[in-house]
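Structure, as structure tokens:
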Amino acid sequence: MSTSLITNLSEIFTADATQTVIKDAAILIDGEKIAWIGEAAEAPDADETIDAGHRAALPGWVDSHTHLVFAGDRSQEFVARMAGQDYAAGGIAVTTAATRAASDYDLTRLLLGRAAEALAGGTTYLETKTGYGLGVEEEARHARIASTVVDQVTFLGAHLVPADMDAQDYTDLVCGEMLERVRPYVQFADVFCERGAFNEAQSRQVLTASRDAGLGLRVHGNQLGPGPGVQLAVEFGAASVDHVNYLDEADVTALAGSWKNWDAGSRSGTAGTVATCLPACDLSTRQPLAPGRELLDAGVQIALASNCNPGTSYTSSMAFCVATAVLQMHLGIEEAIVAATYGGALALGVQDLVGSLEVGKRADIQLLNAPSVAHLAYRPGMNLTGPVFRAGTLAAGRL
């Protein structure tokens, strides 16, 4: 197996437990994994040397929350919302109709295009959800298609109750035949526990059935107002609760308590429920930004994700999310990067594989057309992503 040395790096931000910054650095790749990291002057020999052009390096983004299997357009809904119309969960039905009408070929083509856009923006590990099928055959179809493109698939049959179905009848369907049909293609299950979607009892039913089926759990919670989503997520030991815009003291305390057996200094122990913040969505829906600063200060592990979807966050730019977290959520640049890399990996249970630059981990590395990672927030809105390596191979961009 050949080795490659990426050298002439202005700096490396490792996003490891020590959040190390190495100046004038290099990274040795052996096959798909990182074999060495350090100062370029001390670099070992390699079969191939890659001149990084004095760029900064950091881990590839881990986007732990997207909705990429869809067809259609909801730009007019966006325009109306910007003009003052409130966001409501019901807009999902518009996308459902368009997605059901799309062929396998078209859905796959669209998904491949969106995954390629994310990769070009530095995302090297990608999750997506079902949830625009809302029927047994469609949800199974979407799960199958997604499983051929992205790294992990989450079952979100419990996204919205179809207009022609009783809420309890639909919940029973999600927990029965629908869950059985999607099970071969998915790793997690999710529920939209929110007004206009699924109430506490229905959400509890979905989480119980999904857990019994052996799936990991997540919850869309506390997005549009206070609610039981966070408490349910912690109670069920969910890997993450996502959105978390409206939290009270009890919610923050519950989330912090879920991390009591986790040592952040060594990144060891039993992981709790990650609070996934979705700032691009918050801006689009004009909800208050998730309290990332308060959650971090309370000892909660947070993630940043794009929530790329056609209705409320049509972007896969994790760099935009990082800049927003720094400029408006009061996170430090290194805290925001960790949330968008290691935090996402924690939320997906793959923190031993990706999410930081460490010896033995997969060589998922993005280079910035900038001398330091600070430029991600210092120059907001600029496309600073340069070459992107995934599993040790140049996957996007040019050297």
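Within each chain, counting starts at residue 1; across the structure tokens, chains are named A, B, ... in the order shown, with ligands numbered 1 upward in that order.
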
DSSP on the backbone, strand (DSSP E or B) only: what residues of segment 42-242 of chain A does that give? Format it as a PyMOL selection string. chain A and resi 48-59+61-63+123-129+152-158+188-193+198+216-221+240-242

Residues just named, written with C-alpha atoms as a short mmCIF file (atom, residue, chain, number, x, y, z; two decimals), in the first residue's frame:
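The result, written out as selection_18.cif:
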```
data_model
loop_
_atom_site.label_atom_id
_atom_site.label_comp_id
_atom_site.auth_asym_id
_atom_site.auth_seq_id
_atom_site.Cartn_x
_atom_site.Cartn_y
_atom_site.Cartn_z
CA GLU A 48 4.35 10.48 -2.96
CA THR A 49 4.58 14.10 -1.83
CA ILE A 50 1.64 16.49 -2.28
CA ASP A 51 2.33 20.22 -2.02
CA ALA A 52 -0.66 21.82 -0.27
CA GLY A 53 0.33 25.32 -1.36
CA HIS A 54 0.45 26.69 2.20
CA ARG A 55 -3.23 25.98 2.79
CA ALA A 56 -4.82 25.21 6.16
CA ALA A 57 -6.16 21.70 6.81
CA LEU A 58 -9.00 20.46 8.96
CA PRO A 59 -11.22 17.36 9.09
CA TRP A 61 -17.32 18.03 7.65
CA VAL A 62 -19.64 15.38 9.08
CA ASP A 63 -23.17 16.45 8.16
CA THR A 123 -18.43 17.26 3.58
CA THR A 124 -16.84 13.83 3.60
CA TYR A 125 -19.41 11.93 5.72
CA LEU A 126 -23.08 12.40 4.96
CA GLU A 127 -26.37 11.32 6.53
CA THR A 128 -29.78 11.71 4.96
CA LYS A 129 -33.34 10.89 5.91
CA GLN A 152 -25.99 6.62 6.66
CA VAL A 153 -29.75 6.65 6.20
CA THR A 154 -32.32 7.62 8.82
CA PHE A 155 -35.94 6.46 8.60
CA LEU A 156 -38.27 9.45 9.02
CA GLY A 157 -41.62 8.00 8.08
CA ALA A 158 -42.86 9.96 11.10
CA PHE A 188 -31.46 5.19 12.55
CA ALA A 189 -35.09 6.19 12.99
CA ASP A 190 -36.35 9.70 13.68
CA VAL A 191 -39.64 11.35 14.61
CA PHE A 192 -40.83 14.92 14.16
CA CYS A 193 -42.15 15.54 17.67
CA PHE A 198 -46.49 13.95 16.00
CA GLY A 216 -30.51 3.94 16.63
CA LEU A 217 -32.79 6.81 17.57
CA ARG A 218 -33.03 10.54 16.90
CA VAL A 219 -35.68 13.17 17.47
CA HIS A 220 -36.67 16.37 15.69
CA GLY A 221 -37.50 18.35 18.81
CA SER A 240 -29.27 13.16 19.00
CA VAL A 241 -32.09 15.62 19.33
CA ASP A 242 -32.10 18.09 16.47
#
```

Near-Gln328 of chain A list (8 Å; only C-alpha atoms; drop same-chain fewer than 3 positions) as JSON, numbers by chain: {"A": [289, 324, 325]}

Tell me which protein, DNA and RNA residues are within 9 Å of Thr341 of chain A, counting only C-alpha atoms, leaving out same-chain ones fewer than 4 positions away, and put them as an MDAnalysis selection string. chainID A and resid 15 59:63 303:304 336:337 345:346 354:356

Can you list, as an MDAnalysis selection string, every protein, DNA or RNA residue that comes within 10 Å of Ala264 of chain A when you count only C-alpha atoms, leaving out same-chain residues fewer than 5 positions away? chainID A and resid 17:18 259 269 271 299:301

Write the selection just made, keeping all heavy atoms, as a short mmCIF file (atom, residue, chain, number, x, y, z; two decimals), in the first residue's frame?
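Dumped to out.cif:
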```
data_model
loop_
_atom_site.label_atom_id
_atom_site.label_comp_id
_atom_site.auth_asym_id
_atom_site.auth_seq_id
_atom_site.Cartn_x
_atom_site.Cartn_y
_atom_site.Cartn_z
N ALA A 17 -9.25 15.72 20.82
CA ALA A 17 -9.63 16.08 22.19
C ALA A 17 -8.86 17.29 22.69
O ALA A 17 -9.37 18.08 23.48
CB ALA A 17 -9.40 14.89 23.11
N THR A 18 -7.63 17.47 22.21
CA THR A 18 -6.82 18.62 22.66
C THR A 18 -7.02 19.83 21.76
O THR A 18 -6.50 20.91 22.05
CB THR A 18 -5.33 18.25 22.66
OG1 THR A 18 -4.92 17.94 21.32
CG2 THR A 18 -5.07 17.04 23.55
N TRP A 259 -24.79 13.26 29.64
CA TRP A 259 -23.34 13.19 29.41
C TRP A 259 -22.55 12.97 30.69
O TRP A 259 -21.32 13.11 30.70
CB TRP A 259 -22.86 14.46 28.72
CG TRP A 259 -23.39 14.56 27.33
CD1 TRP A 259 -24.52 15.20 26.90
CD2 TRP A 259 -22.82 13.95 26.16
NE1 TRP A 259 -24.69 15.03 25.56
CE2 TRP A 259 -23.67 14.27 25.07
CE3 TRP A 259 -21.68 13.18 25.93
CZ2 TRP A 259 -23.41 13.83 23.77
CZ3 TRP A 259 -21.42 12.74 24.65
CH2 TRP A 259 -22.27 13.06 23.58
N GLY A 269 -15.91 7.03 27.50
CA GLY A 269 -17.06 6.80 28.35
C GLY A 269 -18.31 6.58 27.52
O GLY A 269 -18.24 6.21 26.35
N ALA A 271 -21.43 7.98 25.62
CA ALA A 271 -21.93 9.22 25.01
C ALA A 271 -23.39 9.44 25.37
O ALA A 271 -24.17 8.49 25.50
CB ALA A 271 -21.77 9.16 23.50
N GLY A 299 -22.15 21.67 29.46
CA GLY A 299 -21.52 20.36 29.33
C GLY A 299 -22.17 19.44 28.32
O GLY A 299 -21.90 18.23 28.31
N VAL A 300 -23.02 20.00 27.47
CA VAL A 300 -23.69 19.21 26.44
C VAL A 300 -22.82 19.19 25.18
O VAL A 300 -22.31 20.22 24.76
CB VAL A 300 -25.07 19.80 26.10
CG1 VAL A 300 -25.76 19.00 24.99
CG2 VAL A 300 -25.94 19.86 27.35
N GLN A 301 -22.66 18.02 24.59
CA GLN A 301 -21.96 17.92 23.31
C GLN A 301 -22.92 18.36 22.21
O GLN A 301 -24.03 17.84 22.12
CB GLN A 301 -21.51 16.48 23.06
CG GLN A 301 -20.58 15.94 24.14
CD GLN A 301 -19.22 16.62 24.13
OE1 GLN A 301 -18.58 16.72 23.10
NE2 GLN A 301 -18.78 17.07 25.30
#
```

Within segment 88-286 of chain A, find each residue whose DSSP state, derived from the backbone, is helix (DSSP H, G or I), and express the selection as a VMD selection string. chain A and resid 89 to 101 104 to 120 136 to 147 167 to 185 200 to 212 229 to 235 249 to 257 279 to 285
